[in-house]
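One structure below.
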Amino acid sequence: MKKYTRVEPVPRLSPDRLRRSREGTLGRFPSGDLYEPEPEKGQAGNHLPESAKLGLLTGKR
Amino acid sequence: MPKVLDREAHAAEWNYLYNRGAFPWRSGGITETTRRLLATYAQGPRLLEAGCGLGDDSAQLAEMGFDYLGVDIAATAVGSAAATHSGRGLRFLAADFFTFRSPPGFDVLYDKGFFHGLRGVRRRNVFLRRAAALLRPKGLWITVCGSADRMLDDFMHGAIFLRDLVSPAEVYFELLEIVKVPYGLAQTIHDFEAWHMACRRR
């Protein structure tokens, strides 16, 4: 019969704390909320006109 | 450049906080660790402090021989700093660190509680790019950031795990030394642990 070693649970950081550290929201800052939220991944450049986006994609200006 | 809803509103908010007369984030001066890091690694006198606030660290830095320029977006704080701390080697400027026009070539960039207060990975990257651009090659960046390991329950403060400080910084900087010691808050009862990181521009 195959024997398994029991792995004891060990303390670890919660994913939420790690995420908040990465995003800079772990503490409280006096006026940080004035900043716009960051654009979603892949959404950067959406404020540009279509022609500019096309230029960025193709390398043409 | 970080996107701000309204830069003037951002400045106004800080001015309001300074006018309010309570500064829980106020620095108690440079820490002994900062002093040692500067003495060990700085290779020139031109020093820029990002987010100097009331200039609580400025006099000590000037005493160390640095040609000090403090920049803060809150004109109220800068005015107070200039009135309180006047002397040789001390200059203050009410301006946005991210956009103010300055000749590059600083030997040292120092910030205490600026980087750890930036929200968002992209914004931190913008800070680092800006920091590298303002420093001369091999220039020194010293930052003091609250540690996320043991956060206080009764006092909220900026906090960051080391990997979120080191990982983006290494793109532009060579790490020299990192120490975790008390932040050096003016209200010592609330003092918390902070990373003191010295790194050199690539």
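In the structure tokens, chains take the letters A, B, ... in the order shown, each chain's residues start at 1, and ligands count up from 1 in the order shown.
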Residues of chain B within 8 Å of chain A, counting only C-alpha atoms - could you list those as a short mmCIF file (atom, residue, chain, number, x, y, z; two decimals) with C-alpha atoms, in the first residue's frame?
```cif
data_model
loop_
_atom_site.label_atom_id
_atom_site.label_comp_id
_atom_site.auth_asym_id
_atom_site.auth_seq_id
_atom_site.Cartn_x
_atom_site.Cartn_y
_atom_site.Cartn_z
CA LYS B 3 -3.12 60.02 -15.24
CA VAL B 4 -4.67 62.32 -12.71
CA LEU B 5 -8.29 63.31 -12.69
CA ASP B 6 -7.36 66.88 -11.98
CA ALA B 9 -7.48 69.13 -7.34
CA HIS B 10 -4.72 66.78 -6.30
CA GLU B 13 -6.29 68.09 -1.56
CA TRP B 14 -2.75 68.02 -0.19
CA LEU B 17 -4.49 68.30 4.46
CA HIS B 116 4.88 53.40 -1.00
CA GLY B 117 1.96 55.80 -1.41
CA LEU B 118 1.70 55.39 -5.16
CA ARG B 119 -1.29 53.42 -6.25
CA GLY B 120 -0.94 51.02 -9.11
CA VAL B 121 1.82 49.06 -10.71
CA ARG B 122 1.92 51.31 -13.74
CA ALA B 148 3.74 45.13 4.97
CA MET B 156 -2.76 53.03 8.92
CA HIS B 157 0.41 53.58 6.96
CA GLY B 158 1.82 52.90 3.56
CA ALA B 159 2.94 49.31 3.32
CA ILE B 160 4.55 47.17 0.69
CA PHE B 161 6.02 43.71 0.44
CA ASP B 164 6.75 44.82 -5.03
#
```
Selection: 8 Å around Glu193 of chain B, only C-alpha atoms, excl. self and same-chain fewer than 4 positions, as an MDAnalysis selection string: chainID B and resid 146:147 150:151 180:183
Residues of segment 12-170 of chain B in strand (DSSP E), written as a ChimeraX atom specification: /B:46-50,67-72,90-94,106-112,135-146
Could the residues in this selection be saved with N, CA, C and O atoms as a compact mmCIF listing (two decimals), in the first residue's frame?
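Done, and the output landed in out-v2.txt:
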```txt
# COMPACT_ATOMS: atom_id res chain seq x y z
N ARG B 46 24.48 66.75 -5.32
CA ARG B 46 23.15 67.23 -5.76
C ARG B 46 22.07 66.23 -5.35
O ARG B 46 22.02 65.12 -5.87
N LEU B 47 21.23 66.65 -4.44
CA LEU B 47 20.21 65.74 -3.90
C LEU B 47 18.81 66.31 -4.15
O LEU B 47 18.55 67.49 -3.91
N LEU B 48 17.93 65.46 -4.63
CA LEU B 48 16.52 65.82 -4.85
C LEU B 48 15.67 64.98 -3.92
O LEU B 48 15.82 63.76 -3.87
N GLU B 49 14.78 65.65 -3.17
CA GLU B 49 13.81 64.90 -2.37
C GLU B 49 12.45 64.99 -3.02
O GLU B 49 11.91 66.09 -3.24
N ALA B 50 11.87 63.84 -3.33
CA ALA B 50 10.53 63.79 -3.92
C ALA B 50 9.51 63.77 -2.79
O ALA B 50 9.58 62.93 -1.90
N ASP B 67 23.59 69.47 -1.57
CA ASP B 67 22.94 70.62 -2.18
C ASP B 67 21.50 70.19 -2.41
O ASP B 67 21.20 69.49 -3.36
N TYR B 68 20.61 70.61 -1.53
CA TYR B 68 19.28 70.01 -1.39
C TYR B 68 18.22 70.75 -2.19
O TYR B 68 18.13 71.98 -2.13
N LEU B 69 17.43 69.99 -2.95
CA LEU B 69 16.23 70.54 -3.59
C LEU B 69 15.05 69.66 -3.19
O LEU B 69 15.04 68.46 -3.45
N GLY B 70 14.07 70.25 -2.53
CA GLY B 70 12.87 69.52 -2.14
C GLY B 70 11.70 69.91 -3.03
O GLY B 70 11.46 71.10 -3.26
N VAL B 71 10.99 68.91 -3.51
CA VAL B 71 9.86 69.14 -4.40
C VAL B 71 8.61 68.54 -3.78
O VAL B 71 8.64 67.41 -3.29
N ASP B 72 7.54 69.30 -3.79
CA ASP B 72 6.26 68.77 -3.29
C ASP B 72 5.13 69.47 -4.04
O ASP B 72 5.23 70.65 -4.38
N LEU B 90 19.87 74.79 0.65
CA LEU B 90 18.47 74.38 0.79
C LEU B 90 17.59 75.13 -0.20
O LEU B 90 17.55 76.36 -0.20
N ARG B 91 16.90 74.39 -1.03
CA ARG B 91 15.95 74.99 -1.96
C ARG B 91 14.69 74.13 -1.96
O ARG B 91 14.73 72.91 -1.81
N PHE B 92 13.55 74.82 -2.15
CA PHE B 92 12.27 74.12 -2.18
C PHE B 92 11.50 74.57 -3.42
O PHE B 92 11.61 75.72 -3.85
N LEU B 93 10.72 73.66 -3.95
CA LEU B 93 9.97 73.96 -5.17
C LEU B 93 8.59 73.32 -5.06
O LEU B 93 8.48 72.12 -4.78
N ALA B 94 7.55 74.14 -5.27
CA ALA B 94 6.18 73.60 -5.29
C ALA B 94 5.91 73.13 -6.71
O ALA B 94 5.66 73.95 -7.61
N PHE B 106 20.93 64.65 -11.16
CA PHE B 106 21.04 64.62 -9.70
C PHE B 106 21.91 63.43 -9.29
O PHE B 106 21.87 62.37 -9.91
N ASP B 107 22.66 63.66 -8.24
CA ASP B 107 23.50 62.57 -7.73
C ASP B 107 22.70 61.63 -6.83
O ASP B 107 22.99 60.44 -6.75
N VAL B 108 21.70 62.20 -6.15
CA VAL B 108 20.92 61.40 -5.20
C VAL B 108 19.45 61.78 -5.34
O VAL B 108 19.11 62.97 -5.43
N LEU B 109 18.60 60.78 -5.35
CA LEU B 109 17.16 60.99 -5.20
C LEU B 109 16.74 60.32 -3.90
O LEU B 109 17.06 59.15 -3.67
N TYR B 110 16.05 61.08 -3.07
CA TYR B 110 15.62 60.56 -1.77
C TYR B 110 14.12 60.73 -1.66
O TYR B 110 13.58 61.78 -1.99
N ASP B 111 13.44 59.67 -1.24
CA ASP B 111 12.02 59.83 -0.94
C ASP B 111 11.68 59.02 0.30
O ASP B 111 12.20 57.94 0.51
N LYS B 112 10.85 59.61 1.12
CA LYS B 112 10.41 58.93 2.34
C LYS B 112 8.89 58.92 2.33
O LYS B 112 8.26 59.96 2.51
N LEU B 135 18.16 61.17 -12.38
CA LEU B 135 19.48 60.86 -11.82
C LEU B 135 20.53 60.78 -12.92
O LEU B 135 20.23 60.41 -14.05
N ARG B 136 21.73 61.08 -12.55
CA ARG B 136 22.82 60.86 -13.50
C ARG B 136 23.12 59.36 -13.52
O ARG B 136 22.73 58.63 -12.58
N PRO B 137 23.82 58.90 -14.55
CA PRO B 137 24.23 57.49 -14.53
C PRO B 137 24.99 57.18 -13.25
O PRO B 137 25.83 57.97 -12.81
N LYS B 138 24.66 56.05 -12.68
CA LYS B 138 25.24 55.61 -11.39
C LYS B 138 24.73 56.45 -10.22
O LYS B 138 25.29 56.36 -9.11
N GLY B 139 23.73 57.28 -10.45
CA GLY B 139 23.14 58.07 -9.37
C GLY B 139 22.46 57.16 -8.35
O GLY B 139 22.07 56.02 -8.66
N LEU B 140 22.28 57.69 -7.15
CA LEU B 140 21.78 56.88 -6.03
C LEU B 140 20.32 57.21 -5.74
O LEU B 140 19.95 58.38 -5.67
N TRP B 141 19.49 56.18 -5.59
CA TRP B 141 18.11 56.38 -5.14
C TRP B 141 17.97 55.72 -3.78
O TRP B 141 18.27 54.54 -3.62
N ILE B 142 17.54 56.49 -2.81
CA ILE B 142 17.24 55.94 -1.49
C ILE B 142 15.77 56.17 -1.21
O ILE B 142 15.28 57.30 -1.29
N THR B 143 15.08 55.09 -0.91
CA THR B 143 13.65 55.20 -0.61
C THR B 143 13.35 54.57 0.74
O THR B 143 14.02 53.62 1.16
N VAL B 144 12.38 55.13 1.41
CA VAL B 144 11.91 54.59 2.69
C VAL B 144 10.44 54.25 2.51
O VAL B 144 9.62 55.15 2.29
N CYS B 145 10.12 52.98 2.58
CA CYS B 145 8.76 52.50 2.32
C CYS B 145 8.29 51.64 3.48
O CYS B 145 9.03 50.76 3.93
N GLY B 146 7.08 51.86 3.92
CA GLY B 146 6.52 51.05 5.00
C GLY B 146 6.50 49.57 4.62
O GLY B 146 6.20 49.22 3.48
```
Length of the atom CA of Ala82 of chain B to atom CA of Ala133 of chain B vector [Å]: 26.0 Å
